[in-house]
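Novice: What follows is a structure written as structure tokens; I'll ask about it next.
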Amino acid sequence: MSKSKMSNWGLGLAAAAVALTLSNSAFAFDTSADKSAPKVAGIGMNITDAAIKPWNISYFYDGTNLPDGSGTVSAGEKIYSAQCAMCHGDFGEGAHGYPKMVGDPVDQFEASAKAGVDAVSNRGLNNNWGNAPTLMDMIHRHMPFYAPGTLTADEAYSVTCYVMNLASIPGVGDDFVCDKTSLPKIKMPAEPLYVTNSGPDTDNTRCMKDCYKGTEFVVEKAAAIGDVSVGKVQKKDTQ
Amino acid sequence: MSENMINPVPEGANKAGVASSDRRKFLRKSVALAAGGAAIAATTSANAADGLNTWTTPLKNEPTRHMLGRGVVSVPYGLPSKYEAGVVRRNVGWLTADTIASISFTPWQDLHGIITPNGLHFERYHAGAVDVDPEKHRLVVHGMVKQPMIFTVDDLKRMPSHTAIHFLECPANGAMEWRGVQMDSLQFTHGMMSCSEWTGVKLTTLMEMVGVDPKATWFYGEGTDGSALQRSIPMEGAHDQHGKPIPALYTSHYRDAMVCYAMNGEALRPENGYPIRLFVPGFEANVSTKYLRRLMFVDKPLVTYQETKHYIEVLPNGMIRQYNLVNEANSVITSPCPDFKMNGKGTYEIRGIAWSGYGKIKHVDVSIDGGKNWTEANLVEPVLSKCLTKFTLPFQWDGSEHLIMSRATDETGYVQPTLKQLREVRGFNSIYHKNSIQVWKIEKTGEVKNVQIENV
């Protein structure tokens with residue numbers, strides 16, 4: 001290494017040492033720099049509710065915070081045909097792997113679940129949605145999928161109205177008008193089925209020896225599903 | 001003989017510095033595994049080194065021995081070796097309608113520790129990954145608070161910081177296996193999960209700053225991506241929409257929550273919510289809103305799309321279970337696994353990972369005989385709360401068939417269930433939170449298969 005390069009290294013170290021000394025002494029006199037987590041001060045800004053309003057777009061299950069405006073089934077049909085049917089199907093039956101709007105009637109859904117033959121593809125607004133206001137929330141927030149959040153409140157109310165009509169939600173006839181007063185009154189068919197998790201529901205024990213007698217019934221993959229093999233075979237060393 | 005066969009103690013282990021207590025532990029496990037492995041066919045040789053071929057050809061230099069390598073910063077942001085090109089995230093085409101509202105999987109079969117490299121962290125988007133400008137991005141904290149506030153990303157970085165290592169797991173991890181065996185690959189059975197060192201501001205710091213009303217019992221985060229994803233998170237005293245209390249088991253996790261700007265020491269990746277995301281350790285990953293723009297404190301749940309249609313479980317009694325938020329104790333053997341074939345008879349180390357959304361892992365037990373007999377595995381430090389814990393156990397493969405599996409117990413005493421136990425209470429349509437014991441079958445050919453034991 002040349003002499004000049006060495007002295008560059010040396011100078012760098014000296015400068016770093018000076019900086020360290022300075023910061024140490026500054027720290028020693030800074031009485032706020034203790035470990036007891038003082039109140040955070042001087043960071044951020046206060047903000048008014050009016051300034052937040054454009055972002056305050058969550059509509060609760062009970063209708064809290066639903067926006068002004070309204071929509072009809074017929075207006076919703078036009079929007080749905082143009083912007084929604086290509087993914088959710090002309091009759092709400094789903095398309096290209098996207099969710100259906102209309103599933104089995106709720107009693108049939110319940111029977112399928114009890115028989116162990118329910119599938120995600122059976123689930124729709126009429127058997128797997130608890131509250132109408134959150135349907136409005138989903139549509140206004142996230143739809144249409146390729147241009148989320150672009151519907152006006154009136155348009156979102158209309159699409160909400162139309163898909164509930166498609167799914168034969170009781171009370172949502174052809175003349176139904178959706179707004180912040182009418183949506184909370186809708187009784188969604190599946191609402192009584194919802195139950196909150198109450199905690200761990202299995203009780204395995206730490207058995208260590210002779211945990212069962214007899215033969216285990218071992219099930220292997222029935223058929224290959226697509227190309228999902230990612231492994232490589234490790235090879236024995238050869239010369 | 002059987003002790004040596006199953007688990008040979010290295011000669012001179014004490015001389016090599018292995019503490020005698022460690023050695024005793026090692027021996028005890030060896031004996032236990034030998035007892036547990038009674039079904040293993042005996043071999044005539046007690047020495048695994050028997051039968052090795054001998055290398056006689058004079059060694060040659062590799063090409064790299066006679067050339068200059070690359071200079072510094074030729075790769076300014078370092079990349080893995082070109083020979084590791086197969087270690088990547090993968091998705092399953094038929095699982096989702098597109099790659100925008102979809103998921104990819106972490107290749108756990110190729111990882112050796114508890115930390116997921118940032119480029120291999122699984123992805124889950126509801127409306128695709130977006131590039132949010134950190135200069136323009138803002139976080140609003142409002143609702144039932146004394147003073148609503150707005151923060152820049154730099155504001156958050158200036159606040160007292162919090163760093164912790166935690167796992168993050170999609171509740172759909174393992175979902176494809178509820179009805180039967182589908183994926184002959186660890187990446188696809190357990191890859192919707194990661195573990196990282198997270199850095200950010202504790203939620204409680206922000207709560208103090210805005211003065212959250214003690215009457216607030218829920219809060220939610222919202223992202224600035226197309227899905228504007230929002231999930232209700234319970235706090236003490238939370239009740240569901242029917243007025244039923246949320247169990248206390250789920251109302252204190254928020255105290256560990258943070259607004260993160262860094263993972264594994266560097267800025268979040270766009271795939272994981274850059275510039276900031278909410279992170280609630282132990283809870284299913286979708287509550288940890290990416291691209292976080294808003295936190296609102298309230299006194300009731302939203303019952304969003306995610307909470308009424310998506311992340312719910314249809315139970316065998318026909319009811320729809322909601323707010324199953326914690327990822328309960330789980331574990332999986334990462335080696336051997338179906339992604340690799342066994343490489344001949346002899347010594348292996350059974351390795352795996354275990355985790356629990358309720359706290360620390362207390363024990364991991366391993367069985368090589370289909371769950372008839374179990375041996376406690378070694379837990380590799382660190383053992384942290386709501387974090388992956390690595391486990392190991394020596395294994396001597398004699399070339400016979402084995403059903404290998406691991407079973408985690410967490411510090412609350414919860415024991416990871418069998419698939420049979422889980423199906424008895426959840427049926428086949430639960431989709432989410434499939435934390436049952438994973439069984440791999442080692443074939444005589446050395447192939448390793450994903451299998452399910454249905455009756456025990």
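The chains in the structure tokens are called A, B, ... from first to last as shown; in each chain the residues are counted from 1, and the ligands are counted from 1 in the order shown.
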Do you know which residues are at most 9 Å from B:Ile114 counting only C-alpha atoms, after dropping those on the same chain fewer than 5 positions away, and could you put them as a VMD selection string?
Specialist: chain B and resid 167 194 to 196 353 387 to 390
Novice: Residues at most 6 Å from B:Glu401, counting only C-alpha atoms, excluding those fewer than 5 positions away in the same chain, as number ranges by chain?
Specialist: B: 442-444
Novice: Taking only C-alpha atoms into account and nothing else, which residues of chain A lie no more than 7 Å away from chain B? Please answer as an MDAnalysis selection string.
Specialist: chainID A and resid 40 43:48 60:61 96:98 110:111 113:114 116 118:119 128:130 134:135 138 141:142 148 193:199 201:206 208:212 216:221 230:236 239
Novice: Would you pick out the contacts of stretch 163-171 of chain A at 8 Å or less, using only C-alpha atoms, so that residues sharing its chain but fewer than 5 positions from it are not included, and give the list as a VMD selection string?
Specialist: chain A and resid 73 76 91 to 92 101 to 103 124 to 126 176 186 to 189
Novice: Which polymer residues have any atom within 10 Å of an atom of B:Leu168, counting only C-alpha atoms, with same-chain residues fewer than 4 positions away left out, as number ranges by chain?
Specialist: B: 121-122, 192-196, 279-286, 288, 327, 357, 386-388
Novice: Skip A:Val177 itself and residues of its chain fewer than 2 positions away, then list as a PyMOL selection string all residues within 12 Å of it, counting only C-alpha atoms.
Specialist: chain A and resi 69-76+154+157-162+164-165+171-175+179-183+185-186
Novice: Could the residues in this selection be saved with N, CA, C and O atoms as an mmCIF file, in the first residue's frame?
Specialist:
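Result saved to out-v3.cif:
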data_model
loop_
_atom_site.group_PDB
_atom_site.id
_atom_site.type_symbol
_atom_site.label_atom_id
_atom_site.label_comp_id
_atom_site.auth_asym_id
_atom_site.auth_seq_id
_atom_site.Cartn_x
_atom_site.Cartn_y
_atom_site.Cartn_z
ATOM 1 N N GLY A 69 -76.137 10.441 -0.049
ATOM 2 C CA GLY A 69 -76.361 9.951 -1.409
ATOM 3 C C GLY A 69 -77.276 8.746 -1.393
ATOM 4 O O GLY A 69 -77.687 8.277 -0.319
ATOM 5 N N SER A 70 -77.621 8.237 -2.577
ATOM 6 C CA SER A 70 -78.503 7.074 -2.673
ATOM 7 C C SER A 70 -78.339 6.411 -4.035
ATOM 8 O O SER A 70 -77.752 6.982 -4.959
ATOM 9 N N GLY A 71 -78.867 5.199 -4.145
ATOM 10 C CA GLY A 71 -78.779 4.478 -5.408
ATOM 11 C C GLY A 71 -79.942 3.529 -5.563
ATOM 12 O O GLY A 71 -80.585 3.152 -4.576
ATOM 13 N N THR A 72 -80.209 3.149 -6.811
ATOM 14 C CA THR A 72 -81.337 2.272 -7.097
ATOM 15 C C THR A 72 -80.863 0.976 -7.775
ATOM 16 O O THR A 72 -79.763 0.919 -8.322
ATOM 17 N N VAL A 73 -81.737 -0.011 -7.760
ATOM 18 C CA VAL A 73 -81.443 -1.294 -8.387
ATOM 19 C C VAL A 73 -81.215 -1.105 -9.892
ATOM 20 O O VAL A 73 -80.243 -1.631 -10.461
ATOM 21 N N SER A 74 -82.061 -0.294 -10.519
ATOM 22 C CA SER A 74 -81.942 -0.147 -11.982
ATOM 23 C C SER A 74 -80.667 0.595 -12.373
ATOM 24 O O SER A 74 -79.995 0.226 -13.348
ATOM 25 N N ALA A 75 -80.307 1.623 -11.621
ATOM 26 C CA ALA A 75 -79.044 2.324 -11.916
ATOM 27 C C ALA A 75 -77.866 1.382 -11.685
ATOM 28 O O ALA A 75 -76.885 1.386 -12.439
ATOM 29 N N GLY A 76 -77.986 0.544 -10.657
ATOM 30 C CA GLY A 76 -76.915 -0.397 -10.326
ATOM 31 C C GLY A 76 -76.732 -1.442 -11.410
ATOM 32 O O GLY A 76 -75.610 -1.858 -11.707
ATOM 33 N N ASP A 154 -73.183 7.609 -4.920
ATOM 34 C CA ASP A 154 -74.445 7.210 -5.565
ATOM 35 C C ASP A 154 -74.247 5.921 -6.375
ATOM 36 O O ASP A 154 -75.089 5.010 -6.335
ATOM 37 N N TYR A 157 -73.796 2.992 -3.955
ATOM 38 C CA TYR A 157 -75.100 2.613 -3.382
ATOM 39 C C TYR A 157 -75.912 1.822 -4.414
ATOM 40 O O TYR A 157 -76.583 0.837 -4.084
ATOM 41 N N SER A 158 -75.842 2.251 -5.677
ATOM 42 C CA SER A 158 -76.621 1.582 -6.728
ATOM 43 C C SER A 158 -76.141 0.155 -6.939
ATOM 44 O O SER A 158 -76.952 -0.777 -7.048
ATOM 45 N N VAL A 159 -74.812 -0.033 -7.019
ATOM 46 C CA VAL A 159 -74.285 -1.382 -7.224
ATOM 47 C C VAL A 159 -74.614 -2.260 -6.011
ATOM 48 O O VAL A 159 -75.001 -3.426 -6.155
ATOM 49 N N THR A 160 -74.503 -1.688 -4.817
ATOM 50 C CA THR A 160 -74.872 -2.411 -3.598
ATOM 51 C C THR A 160 -76.320 -2.894 -3.697
ATOM 52 O O THR A 160 -76.633 -4.056 -3.413
ATOM 53 N N CYS A 161 -77.194 -1.989 -4.126
ATOM 54 C CA CYS A 161 -78.617 -2.284 -4.258
ATOM 55 C C CYS A 161 -78.839 -3.406 -5.282
ATOM 56 O O CYS A 161 -79.584 -4.350 -5.036
ATOM 57 N N TYR A 162 -78.154 -3.304 -6.431
ATOM 58 C CA TYR A 162 -78.365 -4.276 -7.511
ATOM 59 C C TYR A 162 -77.895 -5.677 -7.110
ATOM 60 O O TYR A 162 -78.607 -6.662 -7.330
ATOM 61 N N MET A 164 -77.557 -6.958 -4.153
ATOM 62 C CA MET A 164 -78.438 -7.537 -3.121
ATOM 63 C C MET A 164 -79.739 -8.024 -3.753
ATOM 64 O O MET A 164 -80.275 -9.067 -3.374
ATOM 65 N N ASN A 165 -80.223 -7.276 -4.740
ATOM 66 C CA ASN A 165 -81.420 -7.687 -5.474
ATOM 67 C C ASN A 165 -81.161 -8.986 -6.241
ATOM 68 O O ASN A 165 -81.978 -9.916 -6.211
ATOM 69 N N GLY A 171 -86.406 -8.058 1.225
ATOM 70 C CA GLY A 171 -86.644 -6.624 1.386
ATOM 71 C C GLY A 171 -86.037 -5.788 0.276
ATOM 72 O O GLY A 171 -86.377 -4.609 0.133
ATOM 73 N N VAL A 172 -85.128 -6.356 -0.520
ATOM 74 C CA VAL A 172 -84.499 -5.577 -1.589
ATOM 75 C C VAL A 172 -85.181 -5.910 -2.914
ATOM 76 O O VAL A 172 -84.677 -6.682 -3.734
ATOM 77 N N GLY A 173 -86.382 -5.327 -3.078
ATOM 78 C CA GLY A 173 -87.129 -5.522 -4.323
ATOM 79 C C GLY A 173 -86.590 -4.625 -5.429
ATOM 80 O O GLY A 173 -85.635 -3.856 -5.221
ATOM 81 N N ASP A 174 -87.213 -4.719 -6.594
ATOM 82 C CA ASP A 174 -86.740 -3.957 -7.752
ATOM 83 C C ASP A 174 -86.789 -2.450 -7.522
ATOM 84 O O ASP A 174 -86.047 -1.697 -8.160
ATOM 85 N N ASP A 175 -87.676 -1.996 -6.642
ATOM 86 C CA ASP A 175 -87.820 -0.551 -6.410
ATOM 87 C C ASP A 175 -87.089 -0.070 -5.168
ATOM 88 O O ASP A 175 -87.248 1.075 -4.746
ATOM 89 N N ASP A 179 -79.632 3.741 0.811
ATOM 90 C CA ASP A 179 -78.979 4.928 1.363
ATOM 91 C C ASP A 179 -78.610 4.641 2.816
ATOM 92 O O ASP A 179 -78.780 3.513 3.297
ATOM 93 N N LYS A 180 -78.130 5.667 3.520
ATOM 94 C CA LYS A 180 -77.595 5.422 4.857
ATOM 95 C C LYS A 180 -78.688 5.080 5.879
ATOM 96 O O LYS A 180 -78.388 4.583 6.959
ATOM 97 N N THR A 181 -79.939 5.331 5.523
ATOM 98 C CA THR A 181 -81.040 4.961 6.424
ATOM 99 C C THR A 181 -81.552 3.548 6.129
ATOM 100 O O THR A 181 -81.867 2.781 7.043
ATOM 101 N N SER A 182 -81.622 3.214 4.832
ATOM 102 C CA SER A 182 -82.233 1.920 4.473
ATOM 103 C C SER A 182 -81.280 0.729 4.667
ATOM 104 O O SER A 182 -81.717 -0.350 5.062
ATOM 105 N N LEU A 183 -79.985 0.920 4.399
ATOM 106 C CA LEU A 183 -79.070 -0.230 4.465
ATOM 107 C C LEU A 183 -78.988 -0.885 5.846
ATOM 108 O O LEU A 183 -79.002 -2.123 5.943
ATOM 109 N N LYS A 185 -81.160 -1.330 7.941
ATOM 110 C CA LYS A 185 -82.398 -2.053 8.276
ATOM 111 C C LYS A 185 -82.496 -3.407 7.576
ATOM 112 O O LYS A 185 -83.350 -4.226 7.915
ATOM 113 N N ILE A 186 -81.647 -3.621 6.561
ATOM 114 C CA ILE A 186 -81.683 -4.901 5.831
ATOM 115 C C ILE A 186 -81.228 -6.031 6.757
ATOM 116 O O ILE A 186 -80.228 -5.915 7.458
#
Novice: To one decimal in Å, tell me the separation between atom CA of B:Gly78 and atom CA of B:Lys290.
Specialist: 25.6 Å
Novice: Could you please write out, as an MDAnalysis selection string, every residue of stretch 114-223 of chain A that DSSP assigns to alpha helix (DSSP H)?
Specialist: chainID A and resid 114:115 132:142 153:166
Novice: Please, what distance in Å, to one decimal, runs between atom CA of B:Arg351 and atom CA of B:Leu111?
Specialist: 10.7 Å
